[in-house]
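Contents: one structure, followed by commentary.
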There are 2 protein chains.
Amino acid sequence: MPGSTRPAVISADAEAGNRSERKHRAILDAATEVFLRSGYLGTNMDEIAALSAVSKQTVYKHFESKEALFVEIVTRMTGDAGDAVHNKMPRFDEGGDLSEYLVSYAHWQLTIVLTPRIMQLRRLVIGEVSRFPELAKVLYELGPKRAIGILAAMIESLADRGLLAVRDPLMAASHFNWLVMSEALNRAMLLGDQAIPKPAELRKHAEDGVRVFLAAYGRK
Amino acid sequence: MPGSTRPAVISADAEAGNRSERKHRAILDAATEVFLRSGYLGTNMDEIAALSAVSKQTVYKHFESKEALFVEIVTRMTGDAGDAVHNKMPRFDEGGDLSEYLVSYAHWQLTIVLTPRIMQLRRLVIGEVSRFPELAKVLYELGPKRAIGILAAMIESLADRGLLAVRDPLMAASHFNWLVMSEALNRAMLLGDQAIPKPAELRKHAEDGVRVFLAAYGRK
């Protein structure tokens with residue numbers, strides 16, 4: 001940097017790196033707003049550039065296409081939600097209340113997933129499945145498929161410890177997931193963000209779903 | 001009709017009525033194709049008029065707006081699917097196999113709902129929830145809400161006859177519905193029509209869902 005009193009080239013490189021990283025995040029944040037507001041077809045790179053206060057060339061330097069940018073948004077939002085669900089849950093402690101543990105898990109998952117932004121994202125990619133199947137595929141892989149895979153590992157481990165009676169952990173995980181999520185998710189999909197249940201109602205969905213799950217998969 | 005040898009005015013009126021009814025159906029059929037192919041925003045009345053071989057004025061004589069036309073399509077497709085599910089199922093006969101009866105019900109419902117056209121319609125209205133909330137509301141009322149309501153009545157009647165142990169028939173119906181439908185529906189929503197399971201796989205979804213349902217709600 002001409003005129004800078006900083007001594008090392010590394011420092012200038014690091015600063016450029018940070019600046020690039022900040023721009024990358026600014027573009028992603030701006031693009032998320034625009035996509036969720038205007039839909040996939042209704043979004044253009046000019047608007048994203050304007051909202052993130054960079055040139056359109058800079059947007060294209062960071063993301064080669066509108067599709068690449070949207071795929072990164074789906075990846076980030078869905079991945080962050082999945083991480084939030086799974087990193088927070090501790091392992092079940094022997095001697096604890098298994099039902100209460102599963103209700104906490106279910107309630108936490110509902111709380112993370114049933115937000116206006118995740119619902120808007122899911123509606124958006126579902127609406128574009130025929131034109132842009134790759135977008136929804138990313139959401140499927142990082143969203144429900146990943147969530148059910150992690151649930152299956154948790155259920156299998158509980159079964160190995162003799163705490164559940166499960167022959168097919170993946171199917172049991174799918175039943176757990178949808179017993180807990182579906183009623184609220186279906187309403188939110190079709191009736192809009194204002195149909196997302198309040199926290200106490202989410203807790204009840206979790207309790208009712210877990211009760212049915214344990215009737216089928218609990219130790220008799 | 002000038003020059004006609006038919007004697008009565010009534011006959012001419014009836015013929016005009018039939019012609020009007022035929023046009024009404026032709027417009028609906030053409031509009032269904034165009035909406036499912038081009039989406040809600042991408043559809044215009046000119047294309048529908050051309051495909052149904054009537055004038056645009058005739059389209060507007062039958063349907064006052066694009067929205068009214070689409071609402072009738074959602075009503076017709078969702079209502080027909082619901083009718084097909086519920087009118088076909090006989091009442092459960094005492095002494096029959098309850099599990100087999102419920103599996104048949106579930107399998108039939110999956111067969112009717114998990115079709116490319118119903119999946120395309122559902123994706124379309126979900127994608128338009130923020131712009132046109134009324135479209136999805138019609139699908140919600142005539143689709144899942146109606147299906148779960150009818151299931152609840154069936155479940156309550158089985159409970160009254162001592163064949164199920166159910167405190168909240170509406171919740172039990174929701175659990176039944178989503179245990180059976182969700183895994184396949186979620187995949188079809190996000191992975192497209194080619195992800196709709198084959199008949200044998202639908203039957204397995206029905207069997208697995210009913211097994212869990214009966215573990216929770218069957219007589220012990």
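Quick note on naming: the chains in the structure tokens go A, B, ... in the order shown, residues restart at 1 in each chain, and ligands are numbered from 1 in order of appearance.
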Please check the contacts: residues of chain B at most 6 Å away from chain A, using only C-alpha atoms, listed as a list in words.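 Output check: Arg123, Leu124, Ile126, Gly127, Ala136, Lys137, Leu190, Leu191, Val212, Ala215 and Ala216 of chain B.
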I need the chosen residues saved as a tab-separated table (two decimals), in the first residue's frame, with all heavy atoms.
chain	number	residue	atom	x	y	z
B	123	ARG	N	-46.02	-27.51	-5.83
B	123	ARG	CA	-44.80	-26.70	-5.93
B	123	ARG	C	-45.12	-25.30	-6.41
B	123	ARG	O	-44.59	-24.31	-5.93
B	123	ARG	CB	-43.81	-27.34	-6.91
B	123	ARG	CG	-43.11	-28.55	-6.37
B	123	ARG	CD	-41.97	-28.99	-7.32
B	123	ARG	NE	-41.83	-30.43	-7.27
B	123	ARG	CZ	-42.25	-31.24	-8.23
B	123	ARG	NH1	-42.81	-30.77	-9.34
B	123	ARG	NH2	-42.10	-32.54	-8.09
B	124	LEU	N	-46.01	-25.22	-7.39
B	124	LEU	CA	-46.36	-23.92	-7.97
B	124	LEU	C	-46.97	-23.00	-6.92
B	124	LEU	O	-46.55	-21.85	-6.77
B	124	LEU	CB	-47.33	-24.18	-9.13
B	124	LEU	CG	-47.54	-23.11	-10.19
B	124	LEU	CD1	-48.25	-23.72	-11.39
B	124	LEU	CD2	-48.29	-21.92	-9.70
B	126	ILE	N	-46.83	-23.22	-3.64
B	126	ILE	CA	-45.87	-22.91	-2.57
B	126	ILE	C	-44.92	-21.81	-3.02
B	126	ILE	O	-44.61	-20.89	-2.25
B	126	ILE	CB	-45.09	-24.19	-2.16
B	126	ILE	CG1	-46.00	-25.10	-1.32
B	126	ILE	CG2	-43.82	-23.84	-1.38
B	126	ILE	CD1	-45.38	-26.44	-0.94
B	127	GLY	N	-44.48	-21.87	-4.26
B	127	GLY	CA	-43.57	-20.84	-4.77
B	127	GLY	C	-44.20	-19.46	-4.83
B	127	GLY	O	-43.51	-18.45	-4.88
B	136	ALA	N	-52.49	-20.75	-2.26
B	136	ALA	CA	-52.04	-21.84	-1.40
B	136	ALA	C	-53.06	-22.13	-0.31
B	136	ALA	O	-53.18	-23.27	0.14
B	136	ALA	CB	-50.68	-21.50	-0.79
B	137	LYS	N	-53.78	-21.10	0.10
B	137	LYS	CA	-54.79	-21.31	1.14
B	137	LYS	C	-55.88	-22.26	0.64
B	137	LYS	O	-56.33	-23.16	1.37
B	137	LYS	CB	-55.39	-19.95	1.53
B	137	LYS	CG	-56.24	-20.00	2.76
B	137	LYS	CD	-56.27	-18.63	3.46
B	137	LYS	CE	-57.20	-18.66	4.65
B	137	LYS	NZ	-58.63	-18.60	4.27
B	190	LEU	N	-38.81	-31.67	-3.40
B	190	LEU	CA	-37.48	-31.11	-3.61
B	190	LEU	C	-36.72	-31.76	-4.76
B	190	LEU	O	-35.87	-31.11	-5.39
B	190	LEU	CB	-36.65	-31.21	-2.33
B	190	LEU	CG	-37.14	-30.33	-1.16
B	190	LEU	CD1	-36.40	-30.68	0.13
B	190	LEU	CD2	-36.95	-28.84	-1.47
B	191	LEU	N	-36.98	-33.02	-5.04
B	191	LEU	CA	-36.17	-33.72	-6.06
B	191	LEU	C	-36.93	-33.90	-7.37
B	191	LEU	O	-36.39	-34.47	-8.32
B	191	LEU	CB	-35.70	-35.07	-5.51
B	191	LEU	CG	-34.83	-34.98	-4.25
B	191	LEU	CD1	-34.39	-36.36	-3.80
B	191	LEU	CD2	-33.60	-34.08	-4.46
B	212	VAL	N	-46.25	-47.88	12.88
B	212	VAL	CA	-45.94	-46.90	13.93
B	212	VAL	C	-47.24	-46.31	14.49
B	212	VAL	O	-47.41	-46.17	15.71
B	212	VAL	CB	-45.02	-45.79	13.39
B	212	VAL	CG1	-44.86	-44.67	14.41
B	212	VAL	CG2	-43.66	-46.37	13.02
B	215	ALA	N	-48.82	-48.80	16.82
B	215	ALA	CA	-48.07	-48.94	18.08
B	215	ALA	C	-48.52	-47.86	19.07
B	215	ALA	O	-48.61	-48.10	20.27
B	215	ALA	CB	-46.57	-48.83	17.81
B	216	ALA	N	-48.84	-46.68	18.54
B	216	ALA	CA	-49.25	-45.58	19.43
B	216	ALA	C	-50.74	-45.57	19.71
B	216	ALA	O	-51.18	-45.21	20.80
B	216	ALA	CB	-48.84	-44.24	18.81
Secondary structure check, alpha helix (DSSP H) residues of region 32-212 of chain A, as a PyMOL selection string: chain A and resi 32-38+45-52+56-62+66-88+98-113+116-127+133-140+146-160+169-191+199-212
Identify, on the basis of only C-alpha atoms, every residue whose closest approach to Glu100 (chain A) does not exceed 10 Å; exclude the query and any residue fewer than 5 positions from it along the same chain; express the result as a list of chain:residue names.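 Surrounding residues, per the criterion: A:Tyr105, A:Ala106, A:Ala206, A:Glu207, A:Val210.
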Who sits within 10 Å of His86 (chain A), only C-alpha atoms, same chain under 2 positions skipped, as a PDB file with all heavy atoms, in the first residue's frame:
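Result file is around37.pdb:
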ATOM      1  N   ALA A  81     -28.177 -23.873   9.756  1.00  0.00           N
ATOM      2  CA  ALA A  81     -29.308 -24.363  10.546  1.00  0.00           C
ATOM      3  C   ALA A  81     -29.021 -25.777  11.037  1.00  0.00           C
ATOM      4  O   ALA A  81     -29.233 -26.098  12.207  1.00  0.00           O
ATOM      5  CB  ALA A  81     -30.589 -24.323   9.717  1.00  0.00           C
ATOM      6  N   GLY A  82     -28.502 -26.622  10.142  1.00  0.00           N
ATOM      7  CA  GLY A  82     -28.164 -27.991  10.533  1.00  0.00           C
ATOM      8  C   GLY A  82     -27.103 -28.008  11.631  1.00  0.00           C
ATOM      9  O   GLY A  82     -27.228 -28.746  12.619  1.00  0.00           O
ATOM     10  N   ASP A  83     -26.069 -27.186  11.465  1.00  0.00           N
ATOM     11  CA  ASP A  83     -25.019 -27.122  12.495  1.00  0.00           C
ATOM     12  C   ASP A  83     -25.613 -26.702  13.830  1.00  0.00           C
ATOM     13  O   ASP A  83     -25.276 -27.250  14.880  1.00  0.00           O
ATOM     14  CB  ASP A  83     -23.943 -26.103  12.089  1.00  0.00           C
ATOM     15  CG  ASP A  83     -23.129 -26.570  10.893  1.00  0.00           C
ATOM     16  OD1 ASP A  83     -23.226 -27.774  10.543  1.00  0.00           O
ATOM     17  OD2 ASP A  83     -22.415 -25.748  10.298  1.00  0.00           O
ATOM     18  N   ALA A  84     -26.504 -25.708  13.782  1.00  0.00           N
ATOM     19  CA  ALA A  84     -27.089 -25.200  15.028  1.00  0.00           C
ATOM     20  C   ALA A  84     -27.871 -26.301  15.740  1.00  0.00           C
ATOM     21  O   ALA A  84     -27.820 -26.418  16.961  1.00  0.00           O
ATOM     22  CB  ALA A  84     -28.002 -24.010  14.733  1.00  0.00           C
ATOM     23  N   LYS A  88     -25.417 -28.333  19.072  1.00  0.00           N
ATOM     24  CA  LYS A  88     -25.843 -27.926  20.405  1.00  0.00           C
ATOM     25  C   LYS A  88     -26.278 -29.116  21.274  1.00  0.00           C
ATOM     26  O   LYS A  88     -26.218 -29.042  22.502  1.00  0.00           O
ATOM     27  CB  LYS A  88     -27.010 -26.932  20.250  1.00  0.00           C
ATOM     28  CG  LYS A  88     -27.772 -26.674  21.539  1.00  0.00           C
ATOM     29  CD  LYS A  88     -27.857 -25.216  21.930  1.00  0.00           C
ATOM     30  CE  LYS A  88     -28.315 -25.093  23.375  1.00  0.00           C
ATOM     31  NZ  LYS A  88     -29.591 -24.429  23.535  1.00  0.00           N
ATOM     32  N   MET A  89     -26.755 -30.209  20.637  1.00  0.00           N
ATOM     33  CA  MET A  89     -27.333 -31.295  21.432  1.00  0.00           C
ATOM     34  C   MET A  89     -26.252 -32.164  22.059  1.00  0.00           C
ATOM     35  O   MET A  89     -25.432 -32.747  21.357  1.00  0.00           O
ATOM     36  CB  MET A  89     -28.235 -32.168  20.549  1.00  0.00           C
ATOM     37  CG  MET A  89     -29.585 -31.546  20.242  1.00  0.00           C
ATOM     38  SD  MET A  89     -30.555 -31.054  21.714  1.00  0.00           S
ATOM     39  CE  MET A  89     -30.893 -32.648  22.495  1.00  0.00           C
ATOM     40  N   PRO A  90     -26.259 -32.298  23.393  1.00  0.00           N
ATOM     41  CA  PRO A  90     -25.303 -33.198  24.046  1.00  0.00           C
ATOM     42  C   PRO A  90     -25.709 -34.657  23.820  1.00  0.00           C
ATOM     43  O   PRO A  90     -26.825 -34.940  23.391  1.00  0.00           O
ATOM     44  CB  PRO A  90     -25.433 -32.828  25.520  1.00  0.00           C
ATOM     45  CG  PRO A  90     -26.846 -32.352  25.663  1.00  0.00           C
ATOM     46  CD  PRO A  90     -27.209 -31.711  24.345  1.00  0.00           C
ATOM     47  N   TYR A 105     -34.604 -32.432  21.846  1.00  0.00           N
ATOM     48  CA  TYR A 105     -34.004 -32.506  20.505  1.00  0.00           C
ATOM     49  C   TYR A 105     -35.015 -32.029  19.452  1.00  0.00           C
ATOM     50  O   TYR A 105     -34.720 -31.184  18.606  1.00  0.00           O
ATOM     51  CB  TYR A 105     -33.570 -33.941  20.218  1.00  0.00           C
ATOM     52  CG  TYR A 105     -32.655 -34.080  19.025  1.00  0.00           C
ATOM     53  CD1 TYR A 105     -31.301 -34.300  19.198  1.00  0.00           C
ATOM     54  CD2 TYR A 105     -33.147 -33.983  17.727  1.00  0.00           C
ATOM     55  CE1 TYR A 105     -30.442 -34.427  18.107  1.00  0.00           C
ATOM     56  CE2 TYR A 105     -32.304 -34.101  16.630  1.00  0.00           C
ATOM     57  CZ  TYR A 105     -30.945 -34.325  16.834  1.00  0.00           C
ATOM     58  OH  TYR A 105     -30.116 -34.436  15.751  1.00  0.00           O
ATOM     59  N   TRP A 108     -35.831 -28.310  19.752  1.00  0.00           N
ATOM     60  CA  TRP A 108     -34.716 -27.479  19.272  1.00  0.00           C
ATOM     61  C   TRP A 108     -34.682 -27.478  17.737  1.00  0.00           C
ATOM     62  O   TRP A 108     -34.524 -26.437  17.092  1.00  0.00           O
ATOM     63  CB  TRP A 108     -33.412 -28.012  19.877  1.00  0.00           C
ATOM     64  CG  TRP A 108     -32.189 -27.256  19.481  1.00  0.00           C
ATOM     65  CD1 TRP A 108     -31.083 -27.753  18.859  1.00  0.00           C
ATOM     66  CD2 TRP A 108     -31.919 -25.856  19.689  1.00  0.00           C
ATOM     67  NE1 TRP A 108     -30.154 -26.774  18.656  1.00  0.00           N
ATOM     68  CE2 TRP A 108     -30.646 -25.594  19.149  1.00  0.00           C
ATOM     69  CE3 TRP A 108     -32.643 -24.796  20.259  1.00  0.00           C
ATOM     70  CZ2 TRP A 108     -30.075 -24.322  19.160  1.00  0.00           C
ATOM     71  CZ3 TRP A 108     -32.068 -23.526  20.271  1.00  0.00           C
ATOM     72  CH2 TRP A 108     -30.803 -23.302  19.737  1.00  0.00           C
ATOM     73  N   GLN A 109     -34.877 -28.646  17.138  1.00  0.00           N
ATOM     74  CA  GLN A 109     -34.889 -28.731  15.674  1.00  0.00           C
ATOM     75  C   GLN A 109     -36.033 -27.890  15.077  1.00  0.00           C
ATOM     76  O   GLN A 109     -35.833 -27.140  14.111  1.00  0.00           O
ATOM     77  CB  GLN A 109     -35.023 -30.194  15.249  1.00  0.00           C
ATOM     78  CG  GLN A 109     -35.028 -30.392  13.738  1.00  0.00           C
ATOM     79  CD  GLN A 109     -34.951 -31.857  13.338  1.00  0.00           C
ATOM     80  OE1 GLN A 109     -34.203 -32.643  13.912  1.00  0.00           O
ATOM     81  NE2 GLN A 109     -35.737 -32.237  12.347  1.00  0.00           N
ATOM     82  N   ALA A 147     -30.249 -33.964   8.165  1.00  0.00           N
ATOM     83  CA  ALA A 147     -30.871 -34.013   9.497  1.00  0.00           C
ATOM     84  C   ALA A 147     -31.288 -35.440   9.847  1.00  0.00           C
ATOM     85  O   ALA A 147     -31.051 -35.925  10.964  1.00  0.00           O
ATOM     86  CB  ALA A 147     -32.088 -33.083   9.542  1.00  0.00           C
ATOM     87  N   ILE A 150     -28.234 -37.677  10.593  1.00  0.00           N
ATOM     88  CA  ILE A 150     -27.657 -37.469  11.937  1.00  0.00           C
ATOM     89  C   ILE A 150     -28.580 -38.066  13.007  1.00  0.00           C
ATOM     90  O   ILE A 150     -28.128 -38.703  13.958  1.00  0.00           O
ATOM     91  CB  ILE A 150     -27.400 -35.967  12.178  1.00  0.00           C
ATOM     92  CG1 ILE A 150     -26.302 -35.481  11.221  1.00  0.00           C
ATOM     93  CG2 ILE A 150     -27.008 -35.710  13.633  1.00  0.00           C
ATOM     94  CD1 ILE A 150     -26.045 -33.990  11.250  1.00  0.00           C
ATOM     95  N   LEU A 151     -29.887 -37.875  12.817  1.00  0.00           N
ATOM     96  CA  LEU A 151     -30.864 -38.500  13.717  1.00  0.00           C
ATOM     97  C   LEU A 151     -30.710 -40.019  13.721  1.00  0.00           C
ATOM     98  O   LEU A 151     -30.801 -40.664  14.775  1.00  0.00           O
ATOM     99  CB  LEU A 151     -32.286 -38.173  13.256  1.00  0.00           C
ATOM    100  CG  LEU A 151     -32.977 -36.950  13.845  1.00  0.00           C
ATOM    101  CD1 LEU A 151     -34.248 -36.652  13.064  1.00  0.00           C
ATOM    102  CD2 LEU A 151     -33.308 -37.194  15.316  1.00  0.00           C
TER     103      LEU A 151
END
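Counting only C-alpha atoms, Glu47 (chain A) has the following residues at most 9 Å away, ignoring those fewer than 6 positions along the same chain: A:Ala30, A:Ala31, A:Val34, A:Lys56.
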Option closest in space to Ala200 (chain A), from A:Asp93, A:Thr111, A:Ala53, A:Gly162 [counting only C-alpha atoms]: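 So, comparing all the options, the nearest one is A:Thr111.
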